[in-house]
Every structure is written in structure tokens, then in C-alpha cells.
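Only one structure is covered here, and it is reproduced in the block below.
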Amino acid sequence: MFNIFKKKENKPVVTRFAPSPTGFMHIGGVRTALYAYLWARKNNGEFILRIEDTDKDREVAGSIEHIQKSLAWLGIDWNYGPDKPGDFGSCIQSERLDSYHKYAQKLVDDGLAYPDPYTKEQVQEFRDKAEVEKRAFLFRDHRPQNFDTWDGKSSLRFKVPEIKRYHWNDAVRGDLEAGPEALDDFIIMKSDGYPTYNFAHIIDDYEMGVTHVMRGDEFISSMPRFLSLYDALDIPYPVFVTLPPIMGTDGKKKLGKRDGAKDVLEYKTEGYLAQAMVNFLAMIGWNPGTDQEIFSMDDLIDQFTIERIHHSGGAFNEEKLDWLNKQWMEKLDPAELRNGIESFVEPLRRLPQYSDDRFEQVLPVIAERISVFNDVADMIREGELQFFFEQPTYDREKIIWKKSTLDEARKHLTQTKKLFTDYNGAWDADGIKSAVWDYAGEQGRGDVLWPLRYALSGRDKSPDPFVIAAIIGKDETIARIETALD
């Protein structure tokens, strides 16, 4: 008969990302997936997407698809996953129950697991008594002498075979240890027939051939329990890789929902590029040892090493993300750039002077001023683009430059209108500038160009007036100057 507990030797690199389907893809989890993916691909290994859905009370409908969609957006593909079972079977834990029961029964047969004999109320009494006596509550202090036969349905506890100090190596943190107080008899199978995380992930990692387990530092305190279970099942340890936490912007605590953490697909909706998000997440907790800051996925696969993962947490700096996104936007071809901007400009299409040709001319102006595609929506909300597609309105006082007067502004606009009317050269920014530049130099550039800028845009902050004039055309430029004069 095949021995399911036989050690597996000389395995290729296999990593996994094992989220729970709770409806939210936290940035920290996505970075874990990214690091696991990079290490597998760097070593020509395999990356597994496993769904840990044994806590049915927390499961959110549609989450598995959401997880897959999130990773796919970032370019993280998997060798095995919910849609790609392997020789080991399904990658969804709720479809692997026979496997957990098999290993649980082996522990029972070896005298290393027993049905939980107590009610919740009795366990609470034990806890209360320990608190009164000012000592740590340990379930193993209440371990029964005789066990009932496990019926496969009641809760099952692991019986820690040896109370000792554990020593282990972590690829990032180095040599770690914890004392006997960290060991206790813990639940491995729940009364609903599902395994607990503490049990299931060890079985899954072994059966799926996982060689490197990457996860957050919150699991360090549980390591003695995990190691005790590995030993009881005669399962070799994988390489443990503890990743540093992603901290909030102040760097004082882990980034959470209350600190503004978003589901990763919210960033896609806001117009961030997948390349920028991958680049950004890779650098929170890892560095290449060089000054390079822009990394494609291929660059990361080539340069990523576990040795350069940080020990301490890194802050989630959205300004840095915006800067990286800007760098990646500049690498887009014109069609990709247009598509990204177009998805946010629907309000402009309803304006009276909108046309596709004019929008095409406004595109470079928009691209220069945004770091994220969603910035376009902010610009529209602030009224920073509408003047390209409709006659602006004016505030009488704002057309005056500093200590100038309304009469002087009127004089300069009248002369500017005449110069533009008489100008027969190319109607582009340089040509328009040449038509008025000498006059502006003689009269004072601010005194001449400020009223012109305001007449064309109706705003005290706007692009260069020559750029605006070139986009809206000669006739519309002169018409707006006339309206401002009126």
C-alpha cells in the first residue's frame, strides 16, 4: 500500500498563495502572492493558488473569482489553482476533506489526537480559573486520561507529543526559538467536519509539494505548534520565509482597512497600471541592492532573492505609488494612453464644443498633468478641462494682472485680438506665441499674457495660453477674447 507519509525528497521549488475567500484582497496578501510567484518563476518552479475556505462563516460569495481576477490583473499566473487541479487533487480546501480526515485518523491511531471532551462552557471555566490564579491557560493541563473513539464528526484535538523548546530557521529572520509555553493541544478538526488552518495548511503544503512557505510575521508565534505537528506526521519542514509587514503611511502600525487599505482591484478602477502596482509592492519589503527603481515583472523575476527581503516593515507610501505609475504611463503607446484617459472623460463629451479631434489635441495636456488615470476625473471635477470644450465664464476682477487696471487689461486684450486677427502663419503654439511676443515684451509679459490666459480659460491656473489657443483654433480664440472684452 502506498505510504502517504513517506518523505518527498529533491523537490523542485514550489510556492503557494493561500487566501481565504472573504471578499477583500488586502495589499499585504497580494504582495505575499507576488513574492511567492517571483521565487517560483525565478527557479523555474511552480506556483499554486490555493483557496482556504474551511471557515464557512466568513466566506463571501464570488470571492474565489475576485481573487483570480486580482492576480490575473497583475500578471500573476498559477500552475495549479481553483480552475487547474493537480495530481494532488483540488486546490480548494473544502474539496479536500477526505485528505484531512485521513491524516487526522492517522494521528488518532498513533495516540496523538483525541476527541475534544469539553463543552465551550467548561473550557471557559478553565480559562476563568487560570485568570483568577494569574497563570496562562493551557488546554494540555486539562487533557483527559482516557479518550473516546473519534466518530469523524466531533472536534478533534492534537495531542502535543513532547513539551520542549523549539528551534527553527527562517530564511529571512534567521534562527528563531520559542519555549514550551507556546505549545498546547489545539483543534485540528472542527465539529462541522472542516479542518482548522493550523492543520489543513500543513497537509496541503506537503501533498502539493510546497518547498517554500511565505507568509506574514503574525504566524511566528504559532510556529512551535506547526513544528510539533510536522514532527508528529513525520513531514519534513519546508523553507519558512517570514515577510515583513506593510505599515501604514506613518510607519507605526500595520496597514489596515481603517488606515485606508483598499482592495487591490480598487486601484485598477482608479486607473493605476498593473505594472506600477507590481513594481511598487515588490519594493515594500525587498530591495535589489542597487539604485534601480523601475522594474518590470521580468526584471523582478530575474533579480528577486529571498536574501534581500527586509526584516522590518515598510510603509505604504501612495506618493511613491503615484510616482511609479507616472513612470509607467510614460511607457504606454499612444493607443493605451488614450484608452486609459478616455475611460474618465464622459462628462466632457456632453459639452457644446466637444469633438474627437479637439479631444485628441487635449490628450498631451492631460497626460502631462496626471499620475493616475483617475486624476482626469479630479481635473474635470475641479473644472480644469471644461474650458477646452465650452465658452468659459469670467470673474471681472480676475482678468487684471497684479497692480494693473481693468482699462489696461482691456487695452492689451484689444491689441492681442488685432495681432491674432492679422496673423496668417501656422496656428500652432509657437506661431501664436510669435504673433504676440514682441508686444508682450514691450508692455510687460504678465500684463499682456495674464488677461489672455484668463480670457481663453476663465481660470487663474491653466496651461500656457498659446497651447490653449492652438487647441481651440483661431476663430474660437478671437471669439473668447471678444466675449471677455464685453
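All residue names refer to the C-alpha cells as shown: chains lettered A, B, ... in order, residues numbered from 1 in each chain, ligands numbered from 1 in order.
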| field | Shell of 9 Å around A:Ile432, only C-alpha atoms, local chain residues under 5 positions omitted, as a list in words | value | Phe420, Tyr423, Gly425, Ala426, Trp427, Trp437, Phe466, Val467, Ala469 and Ala470 of chain A
| request: Could you pull out the residues in stretch 44-255 of chain A that DSSP calls helix (DSSP H, G or I) from the backbone, as a count of residues only? | output: 75
| request: Determine, counting only C-alpha atoms, which protein, DNA and RNA residues have an atom within 6 Å of an atom of A:Gln93; residues of the same chain fewer than 2 positions away are not included. Present the result as number ranges by chain. | output: A: 52-53, 95-96
Considering only strand (DSSP E or B) as DSSP defines it on the backbone, what residues of stretch 81-290 of chain A qualify? List them as a short mmCIF file (atom, residue, chain, number, x, y, z; two decimals) with N, CA and C atoms, in the first residue's frame.
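The resulting file, out.cif, is shown below:
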```cif
data_model
loop_
_atom_site.label_atom_id
_atom_site.label_comp_id
_atom_site.auth_asym_id
_atom_site.auth_seq_id
_atom_site.Cartn_x
_atom_site.Cartn_y
_atom_site.Cartn_z
N GLY A 81 -4.56 25.81 -9.52
CA GLY A 81 -5.44 26.72 -8.79
C GLY A 81 -6.86 26.19 -8.79
N LYS A 84 -7.50 24.81 -11.98
CA LYS A 84 -6.47 23.91 -12.51
C LYS A 84 -6.03 22.93 -11.42
N GLY A 86 -4.33 19.66 -9.66
CA GLY A 86 -3.10 18.96 -9.98
C GLY A 86 -3.23 17.47 -9.70
N GLY A 89 -4.92 16.66 -6.59
CA GLY A 89 -6.35 16.92 -6.47
C GLY A 89 -6.70 18.39 -6.53
N ILE A 92 -8.92 23.68 -3.75
CA ILE A 92 -9.91 24.30 -2.86
C ILE A 92 -10.08 23.39 -1.65
N ALA A 113 -3.97 12.35 18.81
CA ALA A 113 -5.14 13.22 18.66
C ALA A 113 -6.29 12.57 19.41
N TYR A 114 -7.18 13.41 19.94
CA TYR A 114 -8.30 12.88 20.71
C TYR A 114 -9.52 13.78 20.55
N PRO A 115 -10.72 13.17 20.64
CA PRO A 115 -11.94 13.99 20.55
C PRO A 115 -12.00 14.96 21.72
N LEU A 156 -11.69 17.52 17.07
CA LEU A 156 -10.53 16.68 17.34
C LEU A 156 -9.35 17.58 17.71
N ARG A 157 -8.71 17.22 18.82
CA ARG A 157 -7.55 17.99 19.27
C ARG A 157 -6.27 17.21 19.03
N PHE A 158 -5.23 17.95 18.65
CA PHE A 158 -3.90 17.37 18.52
C PHE A 158 -3.28 17.27 19.90
N TYR A 166 11.43 24.80 21.03
CA TYR A 166 11.64 24.56 19.60
C TYR A 166 12.62 25.58 19.02
N HIS A 167 13.49 25.10 18.16
CA HIS A 167 14.42 25.94 17.41
C HIS A 167 14.16 25.70 15.93
N TRP A 168 14.12 26.77 15.17
CA TRP A 168 13.95 26.60 13.72
C TRP A 168 14.62 27.76 12.99
N ASN A 169 14.82 27.55 11.72
CA ASN A 169 15.45 28.59 10.91
C ASN A 169 14.44 29.21 9.97
N ASP A 170 14.48 30.51 9.88
CA ASP A 170 13.65 31.26 8.94
C ASP A 170 14.58 31.91 7.93
N GLY A 174 16.36 34.36 10.24
CA GLY A 174 17.46 33.60 10.81
C GLY A 174 16.97 32.56 11.81
N ASP A 175 17.82 32.26 12.81
CA ASP A 175 17.48 31.26 13.81
C ASP A 175 16.51 31.83 14.83
N LEU A 176 15.40 31.11 15.04
CA LEU A 176 14.37 31.53 15.98
C LEU A 176 14.10 30.40 16.96
N GLU A 177 13.50 30.74 18.09
CA GLU A 177 13.15 29.72 19.07
C GLU A 177 11.99 30.18 19.92
N ALA A 178 11.33 29.22 20.53
CA ALA A 178 10.21 29.52 21.43
C ALA A 178 10.14 28.41 22.47
N ILE A 187 -7.18 22.46 18.37
CA ILE A 187 -8.16 21.83 17.50
C ILE A 187 -7.58 21.67 16.10
N ILE A 188 -7.70 20.46 15.55
CA ILE A 188 -7.27 20.25 14.17
C ILE A 188 -8.46 19.95 13.25
N MET A 189 -9.52 19.37 13.79
CA MET A 189 -10.75 19.14 13.02
C MET A 189 -11.92 19.69 13.83
N PRO A 195 -11.34 21.12 8.61
CA PRO A 195 -10.10 21.25 9.37
C PRO A 195 -9.86 22.71 9.76
N HIS A 212 8.66 26.16 -0.23
CA HIS A 212 8.89 27.45 0.44
C HIS A 212 7.55 28.03 0.87
N VAL A 213 7.40 28.25 2.17
CA VAL A 213 6.17 28.81 2.71
C VAL A 213 6.41 30.27 3.05
N MET A 214 5.81 31.16 2.27
CA MET A 214 5.94 32.60 2.50
C MET A 214 4.66 33.11 3.14
N ARG A 215 4.80 33.82 4.27
CA ARG A 215 3.63 34.38 4.96
C ARG A 215 4.09 35.46 5.92
N GLY A 216 3.10 36.14 6.53
CA GLY A 216 3.39 37.28 7.39
C GLY A 216 3.94 36.89 8.75
N VAL A 239 10.95 25.35 3.63
CA VAL A 239 11.72 26.56 3.95
C VAL A 239 10.71 27.62 4.40
N PHE A 240 10.89 28.15 5.59
CA PHE A 240 9.99 29.17 6.12
C PHE A 240 10.54 30.55 5.76
N VAL A 241 9.69 31.37 5.16
CA VAL A 241 10.09 32.71 4.71
C VAL A 241 9.09 33.70 5.29
N THR A 242 9.48 34.36 6.37
CA THR A 242 8.59 35.32 7.02
C THR A 242 8.75 36.70 6.38
N LEU A 243 7.66 37.22 5.86
CA LEU A 243 7.70 38.50 5.16
C LEU A 243 7.43 39.65 6.14
N ILE A 246 3.43 45.26 5.92
CA ILE A 246 3.27 46.54 5.23
C ILE A 246 2.62 47.49 6.23
N MET A 247 3.30 48.57 6.51
CA MET A 247 2.86 49.51 7.53
C MET A 247 2.03 50.64 6.90
N LYS A 254 0.52 48.27 11.30
CA LYS A 254 0.23 47.61 10.04
C LYS A 254 -0.91 48.31 9.30
N TRP A 286 11.54 44.57 0.02
CA TRP A 286 12.66 43.97 -0.72
C TRP A 286 13.39 45.06 -1.47
#
```
| Which residue of A:Leu229, A:Asn146, A:Gly23, A:Met283 approaches A:Arg58 most closely, using only C-alpha atoms | A:Gly23
| For A:Phe344: contacts at 12 Å, only C-alpha atoms, fewer than 3 positions along chain excluded, given as a list in words |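 Final neighbour list, sorted by chain and number: Thr269, Glu270, Gly271, Leu337, Arg338, Asn339, Gly340, Ile341, Pro347, Leu348, Arg349, Ile366, Val372, Phe373, Asn374, Asp375, Val376, Ala377, Asp378, Met379, Ile380 and Arg381 of chain A.
Shortest separation to A:Pro392 among A:Ile235, A:Leu321, A:Ala479, A:Leu273 occurs at residue A:Ala479, atoms counted being only C-alpha atoms.
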| What's the 6 Å shell around stretch 30-47 of chain A, counting only C-alpha atoms, without same-chain residues fewer than 3 positions away, as a VMD selection string? | chain A and resid 12 to 17 27 78 to 79 281 301
| said: Nearest residue to A:Phe388 out of A:Glu476, A:Glu336, A:Asp322, A:Asp422, using only C-alpha atoms? | reply: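 Ranking A:Glu476, A:Glu336, A:Asp322, A:Asp422 by distance to A:Phe388, first place goes to A:Glu476.
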| message | Can you tell me which residues surround A:Glu482 at a distance of at most 10 Å, considering only C-alpha atoms, apart from same-chain residues fewer than 4 positions away, and format the answer as a VMD selection string? | response | chain A and resid 413 to 414 417 455 476 to 478 486
Can I get the selected residues back with N, CA and C atoms, as a compact mmCIF listing (two decimals), in the first residue's frame?
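The resulting part-v5.txt:
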```
# COMPACT_ATOMS: atom_id res chain seq x y z
N LEU A 413 -5.97 93.19 -24.30
CA LEU A 413 -6.79 92.18 -24.99
C LEU A 413 -7.18 92.67 -26.38
N THR A 414 -7.48 93.98 -26.49
CA THR A 414 -7.86 94.53 -27.79
C THR A 414 -6.71 94.41 -28.79
N LYS A 417 -6.10 90.74 -29.73
CA LYS A 417 -7.09 90.31 -30.71
C LYS A 417 -6.68 90.76 -32.11
N ALA A 455 -8.86 85.04 -20.45
CA ALA A 455 -9.91 85.15 -21.47
C ALA A 455 -10.15 83.81 -22.15
N GLU A 476 -12.17 80.51 -32.53
CA GLU A 476 -12.66 80.42 -31.15
C GLU A 476 -11.80 81.28 -30.23
N THR A 477 -10.50 81.37 -30.50
CA THR A 477 -9.62 82.21 -29.69
C THR A 477 -10.07 83.67 -29.76
N ILE A 478 -10.29 84.15 -30.96
CA ILE A 478 -10.73 85.54 -31.13
C ILE A 478 -12.11 85.76 -30.53
N ASP A 486 -16.26 92.07 -23.72
CA ASP A 486 -17.63 92.51 -23.48
C ASP A 486 -18.00 92.42 -21.99
```
